[in-house]
file target-v3.pdb (PDB, C-alpha atoms)
ATOM      1  CA  MET A 486    -121.695  24.195  84.233
ATOM      2  CA  LYS A 487    -119.108  26.531  85.724
ATOM      3  CA  ILE A 488    -117.480  25.374  88.977
ATOM      4  CA  PRO A 489    -117.495  27.974  91.807
ATOM      5  CA  LYS A 490    -114.026  29.417  92.410
ATOM      6  CA  GLU A 491    -114.033  28.470  96.089
ATOM      7  CA  ALA A 492    -114.784  24.833  95.206
ATOM      8  CA  GLN A 493    -111.937  24.858  92.659
ATOM      9  CA  LYS A 494    -109.590  26.265  95.304
ATOM     10  CA  LEU A 495    -110.531  23.498  97.741
ATOM     11  CA  PHE A 496    -110.087  20.876  95.020
ATOM     12  CA  ASN A 497    -106.588  22.188  94.259
ATOM     13  CA  LEU A 498    -105.700  22.086  97.962
ATOM     14  CA  ALA A 499    -106.946  18.502  98.130
ATOM     15  CA  ASN A 500    -104.687  17.576  95.195
ATOM     16  CA  GLU A 501    -101.670  19.149  96.891
ATOM     17  CA  HIS A 502    -102.257  17.188 100.082
ATOM     18  CA  SER A 503    -102.956  14.012  98.134
ATOM     19  CA  ASP A 504     -99.621  14.394  96.322
ATOM     20  CA  ASN A 505     -97.982  14.613  99.764
ATOM     21  CA  LYS A 506     -99.885  11.483 100.885
ATOM     22  CA  GLU A 507    -101.865  13.555 103.411
ATOM     23  CA  PHE A 508    -105.076  11.775 102.508
ATOM     24  CA  GLU A 509    -107.143  12.680 105.582
ATOM     25  CA  ILE A 510    -106.567  16.379 104.919
ATOM     26  CA  ALA A 511    -107.333  15.899 101.212
ATOM     27  CA  LEU A 512    -110.588  14.175 102.181
ATOM     28  CA  LYS A 513    -111.621  17.165 104.284
ATOM     29  CA  TYR A 514    -111.057  19.633 101.435
ATOM     30  CA  LEU A 515    -112.900  17.465  98.917
ATOM     31  CA  ASN A 516    -115.914  17.155 101.192
ATOM     32  CA  GLN A 517    -115.928  20.938 101.564
ATOM     33  CA  ALA A 518    -115.709  21.399  97.778
ATOM     34  CA  LEU A 519    -118.670  19.069  97.287
ATOM     35  CA  GLU A 520    -120.682  20.926  99.904
ATOM     36  CA  ILE A 521    -120.302  24.026  97.723
ATOM     37  CA  ASP A 522    -121.011  22.146  94.478
ATOM     38  CA  PRO A 523    -122.485  18.624  94.917
ATOM     39  CA  ASN A 524    -122.129  18.027  91.143
ATOM     40  CA  TYR A 525    -118.411  18.801  90.948
ATOM     41  CA  ALA A 526    -117.455  15.641  89.046
ATOM     42  CA  GLU A 527    -113.659  15.925  89.374
ATOM     43  CA  ALA A 528    -113.929  16.426  93.146
ATOM     44  CA  MET A 529    -116.338  13.494  93.378
ATOM     45  CA  SER A 530    -114.022  11.182  91.440
ATOM     46  CA  LYS A 531    -111.016  12.326  93.481
ATOM     47  CA  LEU A 532    -113.012  11.616  96.631
ATOM     48  CA  GLY A 533    -113.382   8.020  95.499
ATOM     49  CA  TYR A 534    -109.631   7.791  94.911
ATOM     50  CA  ILE A 535    -108.876   9.167  98.377
ATOM     51  CA  HIS A 536    -111.197   6.631 100.012
ATOM     52  CA  TYR A 537    -109.288   3.929  98.130
ATOM     53  CA  ARG A 538    -105.966   5.293  99.440
ATOM     54  CA  LEU A 539    -107.463   5.267 102.936
ATOM     55  CA  ASP A 540    -108.253   1.537 102.474
ATOM     56  CA  TYR A 541    -112.021   2.103 102.391
ATOM     57  CA  LYS A 542    -112.130   2.934 106.102
ATOM     58  CA  GLU A 543    -115.200   5.139 105.727
ATOM     59  CA  ILE A 544    -117.002   3.765 102.671
ATOM     60  CA  SER A 545    -116.875   0.407 100.896
ATOM     61  CA  LYS A 546    -115.126  -0.457  97.638
ATOM     62  CA  GLU A 547    -118.516  -0.770  95.950
ATOM     63  CA  GLU A 548    -119.560   2.685  97.173
ATOM     64  CA  VAL A 549    -116.322   4.123  95.771
ATOM     65  CA  PHE A 550    -117.050   2.422  92.450
ATOM     66  CA  ASN A 551    -120.558   3.925  92.378
ATOM     67  CA  LEU A 552    -119.120   7.332  93.239
ATOM     68  CA  SER A 553    -116.787   7.083  90.239
ATOM     69  CA  LYS A 554    -119.680   6.101  87.970
ATOM     70  CA  LYS A 555    -121.766   9.028  89.195
ATOM     71  CA  ALA A 556    -118.865  11.416  88.521
ATOM     72  CA  LEU A 557    -118.544  10.026  85.003
ATOM     73  CA  ASP A 558    -122.259  10.527  84.372
ATOM     74  CA  LEU A 559    -121.882  14.145  85.497
ATOM     75  CA  ASN A 560    -118.868  14.905  83.305
ATOM     76  CA  PRO A 561    -117.916  12.360  80.629
ATOM     77  CA  LYS A 562    -115.566  14.878  79.013
ATOM     78  CA  SER A 563    -113.115  15.004  81.906
ATOM     79  CA  PRO A 564    -109.887  12.957  81.605
ATOM     80  CA  ILE A 565    -109.551  13.130  85.401
ATOM     81  CA  VAL A 566    -112.929  11.457  85.836
ATOM     82  CA  TRP A 567    -112.150   8.757  83.255
ATOM     83  CA  ARG A 568    -108.868   7.980  85.014
ATOM     84  CA  SER A 569    -110.648   7.671  88.363
ATOM     85  CA  MET A 570    -113.156   5.305  86.770
ATOM     86  CA  GLY A 571    -110.209   3.293  85.484
ATOM     87  CA  ILE A 572    -108.702   3.105  88.970
ATOM     88  CA  ALA A 573    -112.059   1.891  90.297
ATOM     89  CA  TYR A 574    -112.077  -0.913  87.702
ATOM     90  CA  LYS A 575    -108.426  -1.711  88.419
ATOM     91  CA  ASN A 576    -109.232  -2.125  92.110
ATOM     92  CA  LYS A 577    -111.855  -4.677  91.075
ATOM     93  CA  LYS A 578    -109.135  -6.406  89.018
ATOM     94  CA  GLU A 579    -111.056  -5.636  85.812
ATOM     95  CA  TYR A 580    -107.921  -4.540  84.022
ATOM     96  CA  ASP A 581    -109.262  -4.485  80.475
ATOM     97  CA  LYS A 582    -112.064  -2.130  81.497
ATOM     98  CA  ALA A 583    -109.543  -0.026  83.407
ATOM     99  CA  ILE A 584    -107.388   0.276  80.276
ATOM    100  CA  GLU A 585    -110.437   1.318  78.245
ATOM    101  CA  CYS A 586    -111.028   4.142  80.736
ATOM    102  CA  TYR A 587    -107.388   5.260  80.701
ATOM    103  CA  ASP A 588    -107.448   5.148  76.924
ATOM    104  CA  LYS A 589    -110.484   7.428  76.945
ATOM    105  CA  ALA A 590    -108.731   9.821  79.338
ATOM    106  CA  ILE A 591    -105.726  10.002  76.997
ATOM    107  CA  GLU A 592    -107.983  10.445  73.987
ATOM    108  CA  LEU A 593    -109.446  13.519  75.715
ATOM    109  CA  ASP A 594    -105.985  14.765  76.728
ATOM    110  CA  PRO A 595    -102.986  13.110  75.015
ATOM    111  CA  ASN A 596    -100.647  14.972  77.400
ATOM    112  CA  TYR A 597    -102.312  13.619  80.542
ATOM    113  CA  VAL A 598     -99.321  12.182  82.403
ATOM    114  CA  ASN A 599    -101.360  10.365  85.062
ATOM    115  CA  GLY A 600    -103.434   8.715  82.351
ATOM    116  CA  TRP A 601    -100.334   7.209  80.734
ATOM    117  CA  TYR A 602     -98.907   6.205  84.117
ATOM    118  CA  SER A 603    -102.134   4.487  85.190
ATOM    119  CA  MET A 604    -102.415   2.648  81.888
ATOM    120  CA  GLY A 605     -98.873   1.379  82.386
ATOM    121  CA  SER A 606     -99.813   0.133  85.837
ATOM    122  CA  ALA A 607    -102.821  -1.762  84.444
ATOM    123  CA  TYR A 608    -100.662  -3.401  81.778
ATOM    124  CA  ASP A 609     -98.244  -4.350  84.572
ATOM    125  CA  ASP A 610    -101.103  -6.108  86.347
ATOM    126  CA  LYS A 611    -101.826  -8.014  83.122
ATOM    127  CA  LYS A 612     -98.109  -8.912  82.940
ATOM    128  CA  LYS A 613     -97.839  -7.139  79.587
ATOM    129  CA  TYR A 614     -94.566  -5.522  80.545
ATOM    130  CA  ASP A 615     -93.555  -4.201  77.126
ATOM    131  CA  LYS A 616     -96.872  -2.360  76.857
ATOM    132  CA  ALA A 617     -96.411  -1.062  80.389
ATOM    133  CA  ILE A 618     -92.939   0.243  79.572
ATOM    134  CA  GLU A 619     -94.292   2.042  76.491
ATOM    135  CA  CYS A 620     -96.815   3.846  78.693
ATOM    136  CA  TYR A 621     -94.261   4.769  81.355
ATOM    137  CA  LYS A 622     -91.919   6.094  78.672
ATOM    138  CA  LYS A 623     -94.708   8.300  77.380
ATOM    139  CA  ALA A 624     -95.422   9.577  80.895
ATOM    140  CA  ILE A 625     -91.716  10.356  81.361
ATOM    141  CA  GLU A 626     -91.527  12.045  77.967
ATOM    142  CA  LEU A 627     -94.286  14.387  79.184
ATOM    143  CA  ASP A 628     -92.836  14.758  82.693
ATOM    144  CA  PRO A 629     -89.192  13.678  83.072
ATOM    145  CA  ASN A 630     -89.437  14.168  86.854
ATOM    146  CA  ASP A 631     -92.266  11.677  87.367
ATOM    147  CA  VAL A 632     -90.561   9.470  89.964
ATOM    148  CA  TYR A 633     -93.491   7.036  90.061
ATOM    149  CA  ALA A 634     -93.201   6.367  86.337
ATOM    150  CA  TRP A 635     -89.431   5.844  86.649
ATOM    151  CA  ASN A 636     -89.928   3.465  89.573
ATOM    152  CA  ASN A 637     -92.697   1.481  87.894
ATOM    153  CA  MET A 638     -90.747   1.272  84.653
ATOM    154  CA  GLY A 639     -87.911  -0.166  86.714
ATOM    155  CA  ASN A 640     -90.313  -2.745  88.134
ATOM    156  CA  ALA A 641     -91.473  -3.694  84.635
ATOM    157  CA  TYR A 642     -87.887  -4.175  83.472
ATOM    158  CA  SER A 643     -87.183  -6.186  86.617
ATOM    159  CA  ASP A 644     -90.174  -8.418  85.874
ATOM    160  CA  LYS A 645     -88.625  -8.957  82.438
ATOM    161  CA  LYS A 646     -85.371  -9.864  84.254
ATOM    162  CA  GLU A 647     -83.633  -6.907  82.599
ATOM    163  CA  TYR A 648     -82.035  -5.852  85.858
ATOM    164  CA  ASP A 649     -79.472  -3.380  84.508
ATOM    165  CA  LYS A 650     -82.221  -1.387  82.812
ATOM    166  CA  ALA A 651     -84.296  -1.628  85.983
ATOM    167  CA  ILE A 652     -81.433  -0.226  88.058
ATOM    168  CA  GLU A 653     -81.022   2.685  85.628
ATOM    169  CA  CYS A 654     -84.683   3.563  86.206
ATOM    170  CA  TYR A 655     -84.417   3.321  89.995
ATOM    171  CA  GLU A 656     -81.256   5.440  89.951
ATOM    172  CA  LYS A 657     -83.121   8.108  88.015
ATOM    173  CA  ALA A 658     -86.000   7.973  90.505
ATOM    174  CA  VAL A 659     -83.720   8.520  93.536
ATOM    175  CA  GLU A 660     -81.802  11.210  91.671
ATOM    176  CA  ILE A 661     -85.096  13.107  91.369
ATOM    177  CA  ASP A 662     -86.232  12.254  94.905
ATOM    178  CA  PRO A 663     -83.435  10.962  97.179
ATOM    179  CA  ASN A 664     -86.029  10.070  99.838
ATOM    180  CA  TYR A 665     -88.125   7.851  97.578
ATOM    181  CA  VAL A 666     -87.879   4.750  99.737
ATOM    182  CA  SER A 667     -89.628   2.349  97.321
ATOM    183  CA  ALA A 668     -87.072   3.054  94.597
ATOM    184  CA  TRP A 669     -84.168   2.351  96.990
ATOM    185  CA  TYR A 670     -85.825  -0.892  98.065
ATOM    186  CA  ASN A 671     -86.568  -1.969  94.490
ATOM    187  CA  MET A 672     -83.009  -1.156  93.438
ATOM    188  CA  GLY A 673     -81.805  -3.396  96.245
ATOM    189  CA  LEU A 674     -83.990  -6.209  94.924
ATOM    190  CA  ALA A 675     -82.558  -5.756  91.420
ATOM    191  CA  TYR A 676     -78.998  -5.965  92.745
ATOM    192  CA  LYS A 677     -80.010  -9.045  94.745
ATOM    193  CA  HIS A 678     -81.183 -10.728  91.537
ATOM    194  CA  LYS A 679     -77.784  -9.894  90.024
ATOM    195  CA  LYS A 680     -76.199 -11.501  93.128
ATOM    196  CA  GLU A 681     -74.458  -8.182  93.884
ATOM    197  CA  TYR A 682     -75.273  -8.401  97.569
ATOM    198  CA  ASP A 683     -73.045  -5.583  98.813
ATOM    199  CA  LYS A 684     -74.789  -3.124  96.502
ATOM    200  CA  ALA A 685     -78.170  -4.575  97.457
ATOM    201  CA  ILE A 686     -77.366  -4.040 101.144
ATOM    202  CA  GLU A 687     -76.305  -0.438 100.460
ATOM    203  CA  CYS A 688     -79.719   0.223  98.881
ATOM    204  CA  TYR A 689     -81.602  -1.485 101.708
ATOM    205  CA  GLU A 690     -79.622   0.519 104.283
ATOM    206  CA  LYS A 691     -80.579   3.724 102.508
ATOM    207  CA  ALA A 692     -84.234   2.635 102.470
ATOM    208  CA  VAL A 693     -84.364   1.935 106.230
ATOM    209  CA  GLU A 694     -82.492   5.152 106.940
ATOM    210  CA  ILE A 695     -85.394   6.966 105.272
ATOM    211  CA  ASP A 696     -88.100   4.730 106.747
ATOM    212  CA  PRO A 697     -87.005   2.538 109.683
ATOM    213  CA  ASN A 698     -90.460   0.906 109.726
ATOM    214  CA  TYR A 699     -90.202  -0.468 106.182
ATOM    215  CA  VAL A 700     -90.402  -4.115 107.308
ATOM    216  CA  SER A 701     -89.836  -5.681 103.869
ATOM    217  CA  THR A 702     -86.479  -3.927 103.617
ATOM    218  CA  TRP A 703     -85.206  -5.340 106.900
ATOM    219  CA  ILE A 704     -86.201  -8.846 105.787
ATOM    220  CA  SER A 705     -84.578  -8.434 102.368
ATOM    221  CA  MET A 706     -81.428  -7.014 103.948
ATOM    222  CA  GLY A 707     -81.196 -10.030 106.275
ATOM    223  CA  ILE A 708     -81.539 -12.381 103.306
ATOM    224  CA  ALA A 709     -78.842 -10.458 101.419
ATOM    225  CA  TYR A 710     -76.422 -10.729 104.356
ATOM    226  CA  TYR A 711     -77.146 -14.448 104.584
ATOM    227  CA  LYS A 712     -76.661 -15.091 100.855
ATOM    228  CA  LYS A 713     -73.529 -12.955 100.799
ATOM    229  CA  LYS A 714     -71.801 -15.640 102.901
ATOM    230  CA  PHE A 715     -72.088 -18.115 100.021
ATOM    231  CA  VAL A 716     -70.685 -15.823  97.338
ATOM    232  CA  ARG A 717     -66.981 -16.106  96.651
TER     233      ARG A 717
END
call {"tool": "encode", "arguments": {"input": "target-v3.pdb", "output": "structure tokens"}}
result
Amino acid sequence: MKIPKEAQKLFNLANEHSDNKEFEIALKYLNQALEIDPNYAEAMSKLGYIHYRLDYKEISKEEVFNLSKKALDLNPKSPIVWRSMGIAYKNKKEYDKAIECYDKAIELDPNYVNGWYSMGSAYDDKKKYDKAIECYKKAIELDPNDVYAWNNMGNAYSDKKEYDKAIECYEKAVEIDPNYVSAWYNMGLAYKHKKEYDKAIECYEKAVEIDPNYVSTWISMGIAYYKKKFVR
């Protein structure tokens, strides 16, 4: 069934605000889109995702899961809906089922960047880091400016204790987005593991410059200063 143009417009606005982490505004636009078309599956599945990002303040995790299932019943041919169903399973820590959903999304659209990224994240959760890296590489092949894929690939390499490769990924992420605080923080952690505390501190300082309320960074920076005293 054809989606009304006004509902599509509202859905697109919701996506823009979601990308900017303006989840309350995204929620408003999605609710408006669903008022126009209550069976708009993509908007319904995105609504579930937004409630998850808002820490289920308005509806429960189980209600979000049911919302994702309803969206999938309405449109099982949408990669967006399959990905949202995967996220719902991932949030229940049912990673194998999540991967099945992401796999279905990619089957429907092999160039679906978010599908590859999400599958990588699920493999990360299963500690299958090589599989995760394969997925992130595919996401980056499709979108070289996907900072989240670069950052997560760095995390996977870091989990494999391949810190130089991890740092290369974080450097690429901050090259694309110099204000991506998580990548600066993670790069600091990688340098810490290499016992290069001065470089770690530089990264932490950059992270708190961007976000002074990033508590983990202040703690890690304090530890780095402390450990630096014992390095000759």
call {"tool": "atom_distance", "arguments": {"input": "target-v3.pdb", "atom1": "CA of Ala668 in chain A", "atom2": "CA of Val566 in chain A"}}
result
28.6 Å
call {"tool": "resolve_selection", "arguments": {"input": "target-v3.pdb", "expression": "the PyMOL selection byres ((chain A and resi 591) around 10)", "output": "PyMOL selection string"}}
result
chain A and resi 564-565+567-568+585-590+592-601+604
call {"tool": "atom_distance", "arguments": {"input": "target-v3.pdb", "atom1": "CA of Ala692 in chain A", "atom2": "CA of Tyr670 in chain A"}}
result
5.9 Å
call {"tool": "atom_distance", "arguments": {"input": "target-v3.pdb", "atom1": "CA of Ile521 in chain A", "atom2": "CA of Glu547 in chain A"}}
result
24.9 Å
call {"tool": "residues_around", "arguments": {"input": "target-v3.pdb", "residues": "range 497-503 of chain A", "least_positions_apart": "2", "cutoff": "9 Å", "atoms": "only C-alpha atoms", "output": "PyMOL selection string"}}
result
chain A and resi 492-495+505-515+528+531+535
call {"tool": "residues_around", "arguments": {"input": "target-v3.pdb", "residues": "Ser606 in chain A", "least_positions_apart": "6", "cutoff": "10 Å", "atoms": "all atoms listed in the file", "output": "compact mmCIF listing (two decimals) with C-alpha atoms, keeping the file's coordinate frame"}}
result
# COMPACT_ATOMS: atom_id res chain seq x y z
CA ILE A 572 -108.70 3.10 88.97
CA LYS A 575 -108.43 -1.71 88.42
CA TYR A 580 -107.92 -4.54 84.02
CA ILE A 584 -107.39 0.28 80.28
CA GLY A 600 -103.43 8.72 82.35
CA LYS A 612 -98.11 -8.91 82.94
CA LYS A 613 -97.84 -7.14 79.59
CA TYR A 614 -94.57 -5.52 80.54
CA LYS A 616 -96.87 -2.36 76.86
CA ALA A 617 -96.41 -1.06 80.39
CA ILE A 618 -92.94 0.24 79.57
CA CYS A 620 -96.82 3.85 78.69
CA TYR A 621 -94.26 4.77 81.36
CA ALA A 634 -93.20 6.37 86.34
CA ASN A 637 -92.70 1.48 87.89
CA MET A 638 -90.75 1.27 84.65
CA ALA A 641 -91.47 -3.69 84.64
call {"tool": "resolve_selection", "arguments": {"input": "target-v3.pdb", "expression": "the PyMOL selection byres ((chain A and resi 695-702) around 10)", "output": "list in words"}}
result
Pro663, Asn664, Tyr665, Val666, Ser667, Trp669, Tyr670, Asn671, Gly673, Leu674, Ile686, Cys688, Tyr689, Glu690, Lys691, Ala692, Val693, Glu694, Trp703, Ile704, Ser705, Met706, Gly707 and Ile708 of chain A
call {"tool": "resolve_selection", "arguments": {"input": "target-v3.pdb", "expression": "the PyMOL selection byres ((chain A and resi 525) around 10)", "output": "PDB file with C-alpha atoms, keeping the file's coordinate frame"}}
result
ATOM      1  CA  MET A 486    -121.695  24.195  84.233  1.00  0.00           C
ATOM      2  CA  LYS A 487    -119.108  26.531  85.724  1.00  0.00           C
ATOM      3  CA  ILE A 488    -117.480  25.374  88.977  1.00  0.00           C
ATOM      4  CA  PRO A 489    -117.495  27.974  91.807  1.00  0.00           C
ATOM      5  CA  ALA A 492    -114.784  24.833  95.206  1.00  0.00           C
ATOM      6  CA  GLN A 493    -111.937  24.858  92.659  1.00  0.00           C
ATOM      7  CA  PHE A 496    -110.087  20.876  95.020  1.00  0.00           C
ATOM      8  CA  LEU A 515    -112.900  17.465  98.917  1.00  0.00           C
ATOM      9  CA  ALA A 518    -115.709  21.399  97.778  1.00  0.00           C
ATOM     10  CA  LEU A 519    -118.670  19.069  97.287  1.00  0.00           C
ATOM     11  CA  GLU A 520    -120.682  20.926  99.904  1.00  0.00           C
ATOM     12  CA  ILE A 521    -120.302  24.026  97.723  1.00  0.00           C
ATOM     13  CA  ASP A 522    -121.011  22.146  94.478  1.00  0.00           C
ATOM     14  CA  PRO A 523    -122.485  18.624  94.917  1.00  0.00           C
ATOM     15  CA  ASN A 524    -122.129  18.027  91.143  1.00  0.00           C
ATOM     16  CA  ALA A 526    -117.455  15.641  89.046  1.00  0.00           C
ATOM     17  CA  GLU A 527    -113.659  15.925  89.374  1.00  0.00           C
ATOM     18  CA  ALA A 528    -113.929  16.426  93.146  1.00  0.00           C
ATOM     19  CA  MET A 529    -116.338  13.494  93.378  1.00  0.00           C
ATOM     20  CA  SER A 530    -114.022  11.182  91.440  1.00  0.00           C
ATOM     21  CA  ALA A 556    -118.865  11.416  88.521  1.00  0.00           C
ATOM     22  CA  LEU A 559    -121.882  14.145  85.497  1.00  0.00           C
ATOM     23  CA  ASN A 560    -118.868  14.905  83.305  1.00  0.00           C
TER      24      ASN A 560
END
call {"tool": "residues_around", "arguments": {"input": "target-v3.pdb", "residues": "range 644-656 of chain A", "least_positions_apart": "4", "cutoff": "7 Å", "atoms": "all atoms listed in the file", "output": "list in words"}}
result
Trp635, Asn636, Met638, Gly639, Asn640, Glu660, Ala668, Met672 and Ala675 of chain A
call {"tool": "residues_near_point", "arguments": {"input": "target-v3.pdb", "point": "(-87.0, 14.4, 85.2)", "cutoff": "10 Å", "atoms": "all atoms listed in the file", "output": "mmCIF file with C-alpha atoms, keeping the file's coordinate frame"}}
result
data_model
loop_
_atom_site.group_PDB
_atom_site.id
_atom_site.type_symbol
_atom_site.label_atom_id
_atom_site.label_comp_id
_atom_site.auth_asym_id
_atom_site.auth_seq_id
_atom_site.Cartn_x
_atom_site.Cartn_y
_atom_site.Cartn_z
ATOM 1 C CA ILE A 625 -91.716 10.356 81.361
ATOM 2 C CA GLU A 626 -91.527 12.045 77.967
ATOM 3 C CA LEU A 627 -94.286 14.387 79.184
ATOM 4 C CA ASP A 628 -92.836 14.758 82.693
ATOM 5 C CA PRO A 629 -89.192 13.678 83.072
ATOM 6 C CA ASN A 630 -89.437 14.168 86.854
ATOM 7 C CA ASP A 631 -92.266 11.677 87.367
ATOM 8 C CA VAL A 632 -90.561 9.470 89.964
ATOM 9 C CA TRP A 635 -89.431 5.844 86.649
ATOM 10 C CA LYS A 657 -83.121 8.108 88.015
ATOM 11 C CA ALA A 658 -86.000 7.973 90.505
ATOM 12 C CA GLU A 660 -81.802 11.210 91.671
ATOM 13 C CA ILE A 661 -85.096 13.107 91.369
ATOM 14 C CA ASP A 662 -86.232 12.254 94.905
#
call {"tool": "residues_near_point", "arguments": {"input": "target-v3.pdb", "point": "(-110.4, -0.3, 91.8)", "cutoff": "10 Å", "atoms": "all atoms listed in the file", "output": "PyMOL selection string"}}
result
chain A and resi 533-534+537+546-547+549-550+553+569-580+583
call {"tool": "write_last_selection", "arguments": {"input": "target-v3.pdb", "atoms": "C-alpha atoms", "output": "PDB file, keeping the file's coordinate frame"}}
result
ATOM      1  CA  GLY A 533    -113.382   8.020  95.499  1.00  0.00           C
ATOM      2  CA  TYR A 534    -109.631   7.791  94.911  1.00  0.00           C
ATOM      3  CA  TYR A 537    -109.288   3.929  98.130  1.00  0.00           C
ATOM      4  CA  LYS A 546    -115.126  -0.457  97.638  1.00  0.00           C
ATOM      5  CA  GLU A 547    -118.516  -0.770  95.950  1.00  0.00           C
ATOM      6  CA  VAL A 549    -116.322   4.123  95.771  1.00  0.00           C
ATOM      7  CA  PHE A 550    -117.050   2.422  92.450  1.00  0.00           C
ATOM      8  CA  SER A 553    -116.787   7.083  90.239  1.00  0.00           C
ATOM      9  CA  SER A 569    -110.648   7.671  88.363  1.00  0.00           C
ATOM     10  CA  MET A 570    -113.156   5.305  86.770  1.00  0.00           C
ATOM     11  CA  GLY A 571    -110.209   3.293  85.484  1.00  0.00           C
ATOM     12  CA  ILE A 572    -108.702   3.105  88.970  1.00  0.00           C
ATOM     13  CA  ALA A 573    -112.059   1.891  90.297  1.00  0.00           C
ATOM     14  CA  TYR A 574    -112.077  -0.913  87.702  1.00  0.00           C
ATOM     15  CA  LYS A 575    -108.426  -1.711  88.419  1.00  0.00           C
ATOM     16  CA  ASN A 576    -109.232  -2.125  92.110  1.00  0.00           C
ATOM     17  CA  LYS A 577    -111.855  -4.677  91.075  1.00  0.00           C
ATOM     18  CA  LYS A 578    -109.135  -6.406  89.018  1.00  0.00           C
ATOM     19  CA  GLU A 579    -111.056  -5.636  85.812  1.00  0.00           C
ATOM     20  CA  TYR A 580    -107.921  -4.540  84.022  1.00  0.00           C
ATOM     21  CA  ALA A 583    -109.543  -0.026  83.407  1.00  0.00           C
TER      22      ALA A 583
END
call {"tool": "decode", "arguments": {"input": "target-v3.pdb", "residues": "range 664-688 of chain A", "atoms": "C-alpha atoms", "output": "short mmCIF file (atom, residue, chain, number, x, y, z; two decimals), in the first residue's frame"}}
result
data_model
loop_
_atom_site.label_atom_id
_atom_site.label_comp_id
_atom_site.auth_asym_id
_atom_site.auth_seq_id
_atom_site.Cartn_x
_atom_site.Cartn_y
_atom_site.Cartn_z
CA ASN A 664 33.98 15.94 17.50
CA TYR A 665 33.27 12.22 17.78
CA VAL A 666 34.03 11.95 21.48
CA SER A 667 33.73 8.14 21.75
CA ALA A 668 36.45 7.63 19.14
CA TRP A 669 38.82 9.99 21.01
CA TYR A 670 38.12 8.15 24.25
CA ASN A 671 38.57 4.71 22.68
CA MET A 672 41.81 5.82 21.03
CA GLY A 673 43.03 6.89 24.45
CA LEU A 674 42.22 3.43 25.81
CA ALA A 675 44.16 1.80 22.96
CA TYR A 676 47.21 3.96 23.68
CA LYS A 677 46.84 3.11 27.37
CA HIS A 678 47.01 -0.60 26.53
CA LYS A 679 50.20 0.14 24.57
CA LYS A 680 51.50 1.94 27.70
CA GLU A 681 51.86 5.14 25.63
CA TYR A 682 50.37 7.27 28.38
CA ASP A 683 51.23 10.70 26.96
CA LYS A 684 49.34 9.90 23.77
CA ALA A 685 46.49 8.41 25.79
CA ILE A 686 46.24 11.62 27.83
CA GLU A 687 46.20 13.72 24.65
CA CYS A 688 43.19 11.72 23.42
#
